[in-house]
file structure-v8.cif (mmCIF, N, CA and C atoms)
data_query
#
loop_
_atom_site.label_atom_id
_atom_site.label_comp_id
_atom_site.auth_asym_id
_atom_site.auth_seq_id
_atom_site.Cartn_x
_atom_site.Cartn_y
_atom_site.Cartn_z
N MET S 44 16.31 -6.58 -1.61
CA MET S 44 15.76 -6.22 -2.88
C MET S 44 15.39 -4.74 -2.90
N LEU S 45 14.69 -4.28 -1.88
CA LEU S 45 14.29 -2.88 -1.83
C LEU S 45 15.51 -1.97 -1.75
N ALA S 46 16.48 -2.37 -0.97
CA ALA S 46 17.69 -1.57 -0.82
C ALA S 46 18.50 -1.50 -2.11
N ASP S 47 18.32 -2.47 -2.99
CA ASP S 47 19.05 -2.49 -4.25
C ASP S 47 18.49 -1.52 -5.29
N LEU S 48 17.29 -1.05 -5.07
CA LEU S 48 16.66 -0.15 -6.04
C LEU S 48 17.17 1.28 -5.85
N PRO S 49 17.42 1.97 -6.94
CA PRO S 49 17.84 3.37 -6.80
C PRO S 49 16.69 4.22 -6.26
N ALA S 50 17.02 5.32 -5.63
CA ALA S 50 16.02 6.19 -5.02
C ALA S 50 14.98 6.68 -6.03
N GLU S 51 15.39 6.86 -7.26
CA GLU S 51 14.46 7.37 -8.28
C GLU S 51 13.54 6.29 -8.83
N ALA S 52 13.69 5.06 -8.42
CA ALA S 52 12.84 3.96 -8.89
C ALA S 52 11.58 3.89 -8.04
N ILE S 53 10.85 4.98 -8.03
CA ILE S 53 9.69 5.11 -7.15
C ILE S 53 8.61 4.08 -7.48
N LYS S 54 8.32 3.89 -8.75
CA LYS S 54 7.28 2.93 -9.14
C LYS S 54 7.65 1.52 -8.67
N GLN S 55 8.89 1.14 -8.93
CA GLN S 55 9.32 -0.20 -8.55
C GLN S 55 9.34 -0.37 -7.04
N ARG S 56 9.74 0.67 -6.32
CA ARG S 56 9.74 0.60 -4.86
C ARG S 56 8.32 0.37 -4.33
N ALA S 57 7.36 1.06 -4.90
CA ALA S 57 5.97 0.90 -4.46
C ALA S 57 5.50 -0.53 -4.68
N VAL S 58 5.85 -1.11 -5.82
CA VAL S 58 5.46 -2.50 -6.10
C VAL S 58 6.14 -3.46 -5.13
N VAL S 59 7.42 -3.26 -4.89
CA VAL S 59 8.15 -4.14 -3.97
C VAL S 59 7.56 -4.02 -2.56
N LEU S 60 7.24 -2.81 -2.13
CA LEU S 60 6.63 -2.64 -0.81
C LEU S 60 5.30 -3.37 -0.71
N ALA S 61 4.50 -3.31 -1.76
CA ALA S 61 3.23 -4.04 -1.77
C ALA S 61 3.49 -5.55 -1.71
N ASP S 62 4.49 -6.01 -2.41
CA ASP S 62 4.83 -7.43 -2.37
C ASP S 62 5.33 -7.85 -0.99
N LEU S 63 6.12 -6.98 -0.35
CA LEU S 63 6.57 -7.27 1.02
C LEU S 63 5.37 -7.31 1.97
N ALA S 64 4.41 -6.44 1.75
CA ALA S 64 3.20 -6.46 2.57
C ALA S 64 2.44 -7.77 2.39
N ALA S 65 2.35 -8.23 1.15
CA ALA S 65 1.67 -9.51 0.88
C ALA S 65 2.38 -10.65 1.62
N ALA S 66 3.71 -10.62 1.62
CA ALA S 66 4.47 -11.66 2.33
C ALA S 66 4.21 -11.58 3.83
N ALA S 67 4.11 -10.37 4.37
CA ALA S 67 3.83 -10.20 5.80
C ALA S 67 2.45 -10.75 6.15
N VAL S 68 1.48 -10.56 5.27
CA VAL S 68 0.14 -11.11 5.51
C VAL S 68 0.21 -12.63 5.54
N LEU S 69 0.96 -13.21 4.63
CA LEU S 69 1.11 -14.67 4.62
C LEU S 69 1.72 -15.18 5.92
N GLU S 70 2.57 -14.36 6.52
CA GLU S 70 3.20 -14.71 7.80
C GLU S 70 2.29 -14.36 8.98
N ARG S 71 1.09 -13.84 8.67
CA ARG S 71 0.10 -13.43 9.66
C ARG S 71 0.64 -12.31 10.54
N GLU S 72 1.28 -11.35 9.91
CA GLU S 72 1.84 -10.18 10.59
C GLU S 72 1.23 -8.92 9.97
N PRO S 73 0.02 -8.55 10.42
CA PRO S 73 -0.68 -7.45 9.79
C PRO S 73 -0.03 -6.07 10.00
N GLU S 74 0.60 -5.84 11.15
CA GLU S 74 1.16 -4.52 11.38
C GLU S 74 2.32 -4.21 10.44
N PRO S 75 3.28 -5.11 10.25
CA PRO S 75 4.31 -4.81 9.25
C PRO S 75 3.72 -4.67 7.85
N ALA S 76 2.70 -5.47 7.55
CA ALA S 76 2.05 -5.36 6.24
C ALA S 76 1.49 -3.95 6.04
N CYS S 77 0.82 -3.44 7.06
CA CYS S 77 0.27 -2.08 6.96
C CYS S 77 1.38 -1.04 6.84
N GLY S 78 2.48 -1.28 7.52
CA GLY S 78 3.62 -0.36 7.41
C GLY S 78 4.16 -0.30 5.99
N TYR S 79 4.29 -1.47 5.37
CA TYR S 79 4.75 -1.51 3.98
C TYR S 79 3.76 -0.81 3.05
N LEU S 80 2.49 -1.06 3.28
CA LEU S 80 1.48 -0.42 2.43
C LEU S 80 1.45 1.09 2.63
N ASP S 81 1.66 1.53 3.84
CA ASP S 81 1.74 2.96 4.12
C ASP S 81 2.88 3.59 3.33
N GLU S 82 4.02 2.94 3.34
CA GLU S 82 5.18 3.45 2.58
C GLU S 82 4.89 3.44 1.08
N ALA S 83 4.24 2.41 0.61
CA ALA S 83 3.88 2.34 -0.81
C ALA S 83 2.96 3.49 -1.18
N LEU S 84 1.98 3.78 -0.34
CA LEU S 84 1.06 4.88 -0.62
C LEU S 84 1.77 6.23 -0.62
N LYS S 85 2.73 6.39 0.26
CA LYS S 85 3.52 7.62 0.26
C LYS S 85 4.27 7.78 -1.06
N LEU S 86 4.85 6.70 -1.54
CA LEU S 86 5.55 6.76 -2.83
C LEU S 86 4.58 7.04 -3.97
N LEU S 87 3.41 6.44 -3.90
CA LEU S 87 2.41 6.69 -4.94
C LEU S 87 1.95 8.14 -4.94
N GLY S 88 2.05 8.79 -3.79
CA GLY S 88 1.74 10.21 -3.73
C GLY S 88 2.77 11.05 -4.47
N GLN S 89 3.98 10.53 -4.58
CA GLN S 89 5.04 11.23 -5.32
C GLN S 89 4.96 10.94 -6.81
N HIS S 90 4.58 9.70 -7.12
CA HIS S 90 4.54 9.31 -8.54
C HIS S 90 3.50 8.20 -8.69
N TRP S 91 2.39 8.54 -9.30
CA TRP S 91 1.28 7.60 -9.47
C TRP S 91 1.69 6.42 -10.34
N TYR S 92 1.25 5.23 -9.92
CA TYR S 92 1.50 4.01 -10.70
C TYR S 92 0.34 3.06 -10.41
N ALA S 93 -0.52 2.90 -11.39
CA ALA S 93 -1.75 2.12 -11.21
C ALA S 93 -1.46 0.68 -10.79
N THR S 94 -0.43 0.07 -11.35
CA THR S 94 -0.10 -1.32 -11.02
C THR S 94 0.18 -1.47 -9.53
N ALA S 95 0.91 -0.53 -8.97
CA ALA S 95 1.21 -0.59 -7.54
C ALA S 95 -0.06 -0.44 -6.71
N MET S 96 -0.95 0.45 -7.13
CA MET S 96 -2.20 0.64 -6.38
C MET S 96 -3.06 -0.62 -6.43
N VAL S 97 -3.07 -1.30 -7.55
CA VAL S 97 -3.80 -2.57 -7.66
C VAL S 97 -3.25 -3.56 -6.64
N ARG S 98 -1.93 -3.62 -6.52
CA ARG S 98 -1.32 -4.54 -5.56
C ARG S 98 -1.64 -4.14 -4.12
N VAL S 99 -1.59 -2.84 -3.84
CA VAL S 99 -1.93 -2.36 -2.50
C VAL S 99 -3.35 -2.79 -2.14
N LYS S 100 -4.28 -2.58 -3.05
CA LYS S 100 -5.67 -2.95 -2.79
C LYS S 100 -5.83 -4.46 -2.61
N ALA S 101 -5.09 -5.24 -3.37
CA ALA S 101 -5.17 -6.70 -3.24
C ALA S 101 -4.68 -7.15 -1.87
N VAL S 102 -3.61 -6.53 -1.40
CA VAL S 102 -3.11 -6.89 -0.07
C VAL S 102 -4.11 -6.45 1.00
N ARG S 103 -4.71 -5.28 0.81
CA ARG S 103 -5.70 -4.82 1.79
C ARG S 103 -6.82 -5.84 1.93
N GLN S 104 -7.25 -6.43 0.84
CA GLN S 104 -8.30 -7.45 0.89
C GLN S 104 -7.87 -8.64 1.74
N LYS S 105 -6.60 -8.96 1.70
CA LYS S 105 -6.08 -10.10 2.47
C LYS S 105 -5.96 -9.79 3.96
N LEU S 106 -6.12 -8.52 4.32
CA LEU S 106 -6.04 -8.12 5.72
C LEU S 106 -7.40 -8.17 6.43
N ARG S 107 -8.40 -8.74 5.81
CA ARG S 107 -9.76 -8.76 6.36
C ARG S 107 -9.84 -9.36 7.77
N ASP S 108 -9.00 -10.34 8.06
CA ASP S 108 -9.03 -10.96 9.40
C ASP S 108 -8.67 -9.97 10.50
N TRP S 109 -8.03 -8.87 10.12
CA TRP S 109 -7.55 -7.90 11.11
C TRP S 109 -8.21 -6.53 10.94
N ASP S 110 -9.43 -6.49 10.42
CA ASP S 110 -10.13 -5.22 10.19
C ASP S 110 -10.23 -4.34 11.42
N SER S 111 -10.25 -4.93 12.59
CA SER S 111 -10.45 -4.14 13.81
C SER S 111 -9.16 -3.51 14.34
N LEU S 112 -8.02 -3.88 13.80
CA LEU S 112 -6.75 -3.30 14.27
C LEU S 112 -6.63 -1.83 13.87
N PRO S 113 -6.11 -1.00 14.77
CA PRO S 113 -5.94 0.42 14.44
C PRO S 113 -5.08 0.65 13.19
N THR S 114 -4.07 -0.17 12.98
CA THR S 114 -3.22 0.03 11.80
C THR S 114 -3.98 -0.25 10.51
N VAL S 115 -4.86 -1.23 10.54
CA VAL S 115 -5.67 -1.54 9.36
C VAL S 115 -6.70 -0.44 9.13
N ARG S 116 -7.29 0.05 10.20
CA ARG S 116 -8.25 1.15 10.06
C ARG S 116 -7.58 2.41 9.53
N ALA S 117 -6.36 2.66 9.98
CA ALA S 117 -5.62 3.83 9.47
C ALA S 117 -5.32 3.66 7.98
N LEU S 118 -5.00 2.45 7.58
CA LEU S 118 -4.77 2.16 6.17
C LEU S 118 -6.05 2.41 5.37
N ASP S 119 -7.17 1.98 5.90
CA ASP S 119 -8.45 2.23 5.23
C ASP S 119 -8.71 3.72 5.06
N ASP S 120 -8.36 4.50 6.07
CA ASP S 120 -8.53 5.95 5.95
C ASP S 120 -7.68 6.51 4.81
N GLN S 121 -6.46 6.04 4.71
CA GLN S 121 -5.58 6.49 3.63
C GLN S 121 -6.16 6.11 2.27
N LEU S 122 -6.62 4.88 2.16
CA LEU S 122 -7.19 4.43 0.89
C LEU S 122 -8.45 5.21 0.55
N TYR S 123 -9.26 5.50 1.55
CA TYR S 123 -10.46 6.30 1.31
C TYR S 123 -10.07 7.69 0.79
N ASN S 124 -9.06 8.28 1.39
CA ASN S 124 -8.60 9.59 0.94
C ASN S 124 -8.08 9.53 -0.50
N TRP S 125 -7.41 8.44 -0.86
CA TRP S 125 -6.94 8.27 -2.23
C TRP S 125 -8.12 8.21 -3.19
N HIS S 126 -9.12 7.41 -2.85
CA HIS S 126 -10.28 7.26 -3.73
C HIS S 126 -11.02 8.59 -3.88
N THR S 127 -11.13 9.33 -2.78
CA THR S 127 -11.81 10.61 -2.83
C THR S 127 -11.04 11.58 -3.73
N MET S 128 -9.73 11.60 -3.60
CA MET S 128 -8.92 12.49 -4.43
C MET S 128 -9.03 12.13 -5.91
N ILE S 129 -8.96 10.86 -6.21
CA ILE S 129 -9.01 10.43 -7.61
C ILE S 129 -10.38 10.73 -8.21
N LYS S 130 -11.43 10.51 -7.44
CA LYS S 130 -12.77 10.83 -7.94
C LYS S 130 -12.90 12.30 -8.21
N SER S 131 -12.33 13.14 -7.36
CA SER S 131 -12.44 14.59 -7.56
C SER S 131 -11.68 15.03 -8.80
N LEU S 132 -10.64 14.32 -9.16
CA LEU S 132 -9.86 14.67 -10.34
C LEU S 132 -10.55 14.25 -11.63
N THR S 133 -11.43 13.27 -11.54
CA THR S 133 -12.09 12.77 -12.75
C THR S 133 -13.43 13.42 -13.00
N VAL S 134 -13.88 14.24 -12.09
CA VAL S 134 -15.19 14.91 -12.25
C VAL S 134 -15.06 16.11 -13.14
#
call {"tool": "encode", "arguments": {"input": "structure-v8.cif", "output": "structure tokens"}}
result
Amino acid sequence: MLADLPAEAIKQRAVVLADLAAAAVLEREPEPACGYLDEALKLLGQHWYATAMVRVKAVRQKLRDWDSLPTVRALDDQLYNWHTMIKSLTV
């Protein structure tokens, strides 16, 4: 599915990556889930899409069982940086 999307379909790619992350969480595979979310966040850095960010955050909530993993902590750092940037833009 992801490979079928054109390179310029950045918004759709971010959503699909978040969905793939959700599927990885269901399979109890937090590291691939974080990898997908990392890629989604990179795409969101190129082209903002609120729907994709909502999905990213929803998947992050499902990763609570693995809060102590370095990959989850790194994801939290990225999300914190996103929130800080967005807050600075709205001030």
call {"tool": "closest_residue", "arguments": {"input": "structure-v8.cif", "among": "S:Val68, S:Val115, S:Ala61, S:Ala52", "to": "Arg98 in chain S", "atoms": "only N, CA and C atoms"}}
result
S:Ala61
call {"tool": "atom_distance", "arguments": {"input": "structure-v8.cif", "atom1": "CA of Gly78 in chain S", "atom2": "CA of Ala64 in chain S"}}
result
7.8 Å
call {"tool": "resolve_selection", "arguments": {"input": "structure-v8.cif", "expression": "the PyMOL selection byres (((chain S and resi 97 and name CA) around 12) and name CA)", "output": "list in words"}}
result
Ala57, Val58, Ala61, Asp62, Leu80, Ala83, Leu84, Leu87, Trp91, Tyr92, Ala93, Thr94, Ala95, Met96, Arg98, Val99, Lys100, Ala101, Val102, Arg103, Gln104 and Leu122 of chain S
call {"tool": "write_last_selection", "arguments": {"input": "structure-v8.cif", "atoms": "N, CA and C atoms", "output": "PDB file, in the frame of the given file"}}
result
ATOM      1  N   ALA S  57       7.360   1.060  -4.900  1.00  0.00           N
ATOM      2  CA  ALA S  57       5.970   0.900  -4.460  1.00  0.00           C
ATOM      3  C   ALA S  57       5.500  -0.530  -4.680  1.00  0.00           C
ATOM      4  N   VAL S  58       5.850  -1.110  -5.820  1.00  0.00           N
ATOM      5  CA  VAL S  58       5.460  -2.500  -6.100  1.00  0.00           C
ATOM      6  C   VAL S  58       6.140  -3.460  -5.130  1.00  0.00           C
ATOM      7  N   ALA S  61       4.500  -3.310  -1.760  1.00  0.00           N
ATOM      8  CA  ALA S  61       3.230  -4.040  -1.770  1.00  0.00           C
ATOM      9  C   ALA S  61       3.490  -5.550  -1.710  1.00  0.00           C
ATOM     10  N   ASP S  62       4.490  -6.010  -2.410  1.00  0.00           N
ATOM     11  CA  ASP S  62       4.830  -7.430  -2.370  1.00  0.00           C
ATOM     12  C   ASP S  62       5.330  -7.850  -0.990  1.00  0.00           C
ATOM     13  N   LEU S  80       2.490  -1.060   3.280  1.00  0.00           N
ATOM     14  CA  LEU S  80       1.480  -0.420   2.430  1.00  0.00           C
ATOM     15  C   LEU S  80       1.450   1.090   2.630  1.00  0.00           C
ATOM     16  N   ALA S  83       4.240   2.410   0.610  1.00  0.00           N
ATOM     17  CA  ALA S  83       3.880   2.340  -0.810  1.00  0.00           C
ATOM     18  C   ALA S  83       2.960   3.490  -1.180  1.00  0.00           C
ATOM     19  N   LEU S  84       1.980   3.780  -0.340  1.00  0.00           N
ATOM     20  CA  LEU S  84       1.060   4.880  -0.620  1.00  0.00           C
ATOM     21  C   LEU S  84       1.770   6.230  -0.620  1.00  0.00           C
ATOM     22  N   LEU S  87       3.410   6.440  -3.900  1.00  0.00           N
ATOM     23  CA  LEU S  87       2.410   6.690  -4.940  1.00  0.00           C
ATOM     24  C   LEU S  87       1.950   8.140  -4.940  1.00  0.00           C
ATOM     25  N   TRP S  91       2.390   8.540  -9.300  1.00  0.00           N
ATOM     26  CA  TRP S  91       1.280   7.600  -9.470  1.00  0.00           C
ATOM     27  C   TRP S  91       1.690   6.420 -10.340  1.00  0.00           C
ATOM     28  N   TYR S  92       1.250   5.230  -9.920  1.00  0.00           N
ATOM     29  CA  TYR S  92       1.500   4.010 -10.700  1.00  0.00           C
ATOM     30  C   TYR S  92       0.340   3.060 -10.410  1.00  0.00           C
ATOM     31  N   ALA S  93      -0.520   2.900 -11.390  1.00  0.00           N
ATOM     32  CA  ALA S  93      -1.750   2.120 -11.210  1.00  0.00           C
ATOM     33  C   ALA S  93      -1.460   0.680 -10.790  1.00  0.00           C
ATOM     34  N   THR S  94      -0.430   0.070 -11.350  1.00  0.00           N
ATOM     35  CA  THR S  94      -0.100  -1.320 -11.020  1.00  0.00           C
ATOM     36  C   THR S  94       0.180  -1.470  -9.530  1.00  0.00           C
ATOM     37  N   ALA S  95       0.910  -0.530  -8.970  1.00  0.00           N
ATOM     38  CA  ALA S  95       1.210  -0.590  -7.540  1.00  0.00           C
ATOM     39  C   ALA S  95      -0.060  -0.440  -6.710  1.00  0.00           C
ATOM     40  N   MET S  96      -0.950   0.450  -7.130  1.00  0.00           N
ATOM     41  CA  MET S  96      -2.200   0.640  -6.380  1.00  0.00           C
ATOM     42  C   MET S  96      -3.060  -0.620  -6.430  1.00  0.00           C
ATOM     43  N   ARG S  98      -1.930  -3.620  -6.520  1.00  0.00           N
ATOM     44  CA  ARG S  98      -1.320  -4.540  -5.560  1.00  0.00           C
ATOM     45  C   ARG S  98      -1.640  -4.140  -4.120  1.00  0.00           C
ATOM     46  N   VAL S  99      -1.590  -2.840  -3.840  1.00  0.00           N
ATOM     47  CA  VAL S  99      -1.930  -2.360  -2.500  1.00  0.00           C
ATOM     48  C   VAL S  99      -3.350  -2.790  -2.140  1.00  0.00           C
ATOM     49  N   LYS S 100      -4.280  -2.580  -3.050  1.00  0.00           N
ATOM     50  CA  LYS S 100      -5.670  -2.950  -2.790  1.00  0.00           C
ATOM     51  C   LYS S 100      -5.830  -4.460  -2.610  1.00  0.00           C
ATOM     52  N   ALA S 101      -5.090  -5.240  -3.370  1.00  0.00           N
ATOM     53  CA  ALA S 101      -5.170  -6.700  -3.240  1.00  0.00           C
ATOM     54  C   ALA S 101      -4.680  -7.150  -1.870  1.00  0.00           C
ATOM     55  N   VAL S 102      -3.610  -6.530  -1.400  1.00  0.00           N
ATOM     56  CA  VAL S 102      -3.110  -6.890  -0.070  1.00  0.00           C
ATOM     57  C   VAL S 102      -4.110  -6.450   1.000  1.00  0.00           C
ATOM     58  N   ARG S 103      -4.710  -5.280   0.810  1.00  0.00           N
ATOM     59  CA  ARG S 103      -5.700  -4.820   1.790  1.00  0.00           C
ATOM     60  C   ARG S 103      -6.820  -5.840   1.930  1.00  0.00           C
ATOM     61  N   GLN S 104      -7.250  -6.430   0.840  1.00  0.00           N
ATOM     62  CA  GLN S 104      -8.300  -7.450   0.890  1.00  0.00           C
ATOM     63  C   GLN S 104      -7.870  -8.640   1.740  1.00  0.00           C
ATOM     64  N   LEU S 122      -6.620   4.880   2.160  1.00  0.00           N
ATOM     65  CA  LEU S 122      -7.190   4.430   0.890  1.00  0.00           C
ATOM     66  C   LEU S 122      -8.450   5.210   0.550  1.00  0.00           C
TER      67      LEU S 122
END
call {"tool": "atom_distance", "arguments": {"input": "structure-v8.cif", "atom1": "atom C of Ile53 in chain S", "atom2": "atom N of Gly88 in chain S"}}
result
8.9 Å
call {"tool": "atom_distance", "arguments": {"input": "structure-v8.cif", "atom1": "atom C of Arg56 in chain S", "atom2": "CA of Leu86 in chain S"}}
result
7.1 Å
call {"tool": "residues_around", "arguments": {"input": "structure-v8.cif", "residues": "Pro73 in chain S", "least_positions_apart": "3", "cutoff": "12 Å", "atoms": "only C-alpha atoms", "output": "list in words"}}
result
Leu63, Ala64, Ala65, Ala66, Ala67, Val68, Leu69, Glu70, Ala76, Cys77, Gly78, Tyr79, Leu80, Val102, Arg103, Gln104, Lys105, Leu106, Arg107, Asp108, Trp109, Asp110, Ser111, Leu112, Pro113, Thr114, Val115, Arg116 and Leu118 of chain S
call {"tool": "closest_residue", "arguments": {"input": "structure-v8.cif", "among": "S:Glu74, S:Lys85, S:Met44, S:Ala50", "to": "Trp125 in chain S", "atoms": "only C-alpha atoms"}}
result
S:Lys85
call {"tool": "axis_aligned_box", "arguments": {"input": "structure-v8.cif", "around": "range 80-91 of chain S", "padding_each_side": "8 Å", "output": "lines of an AutoDock Vina configuration file"}}
result
center_x = 3.3
center_y = 5.1
center_z = -3.1
size_x = 20.5
size_y = 28.3
size_z = 30.5
call {"tool": "select_by_dssp", "arguments": {"input": "structure-v8.cif", "residues": "chain S", "states": "alpha helix (DSSP H)", "output": "number ranges by chain"}}
result
S: 53-69, 73-89, 93-105, 113-133
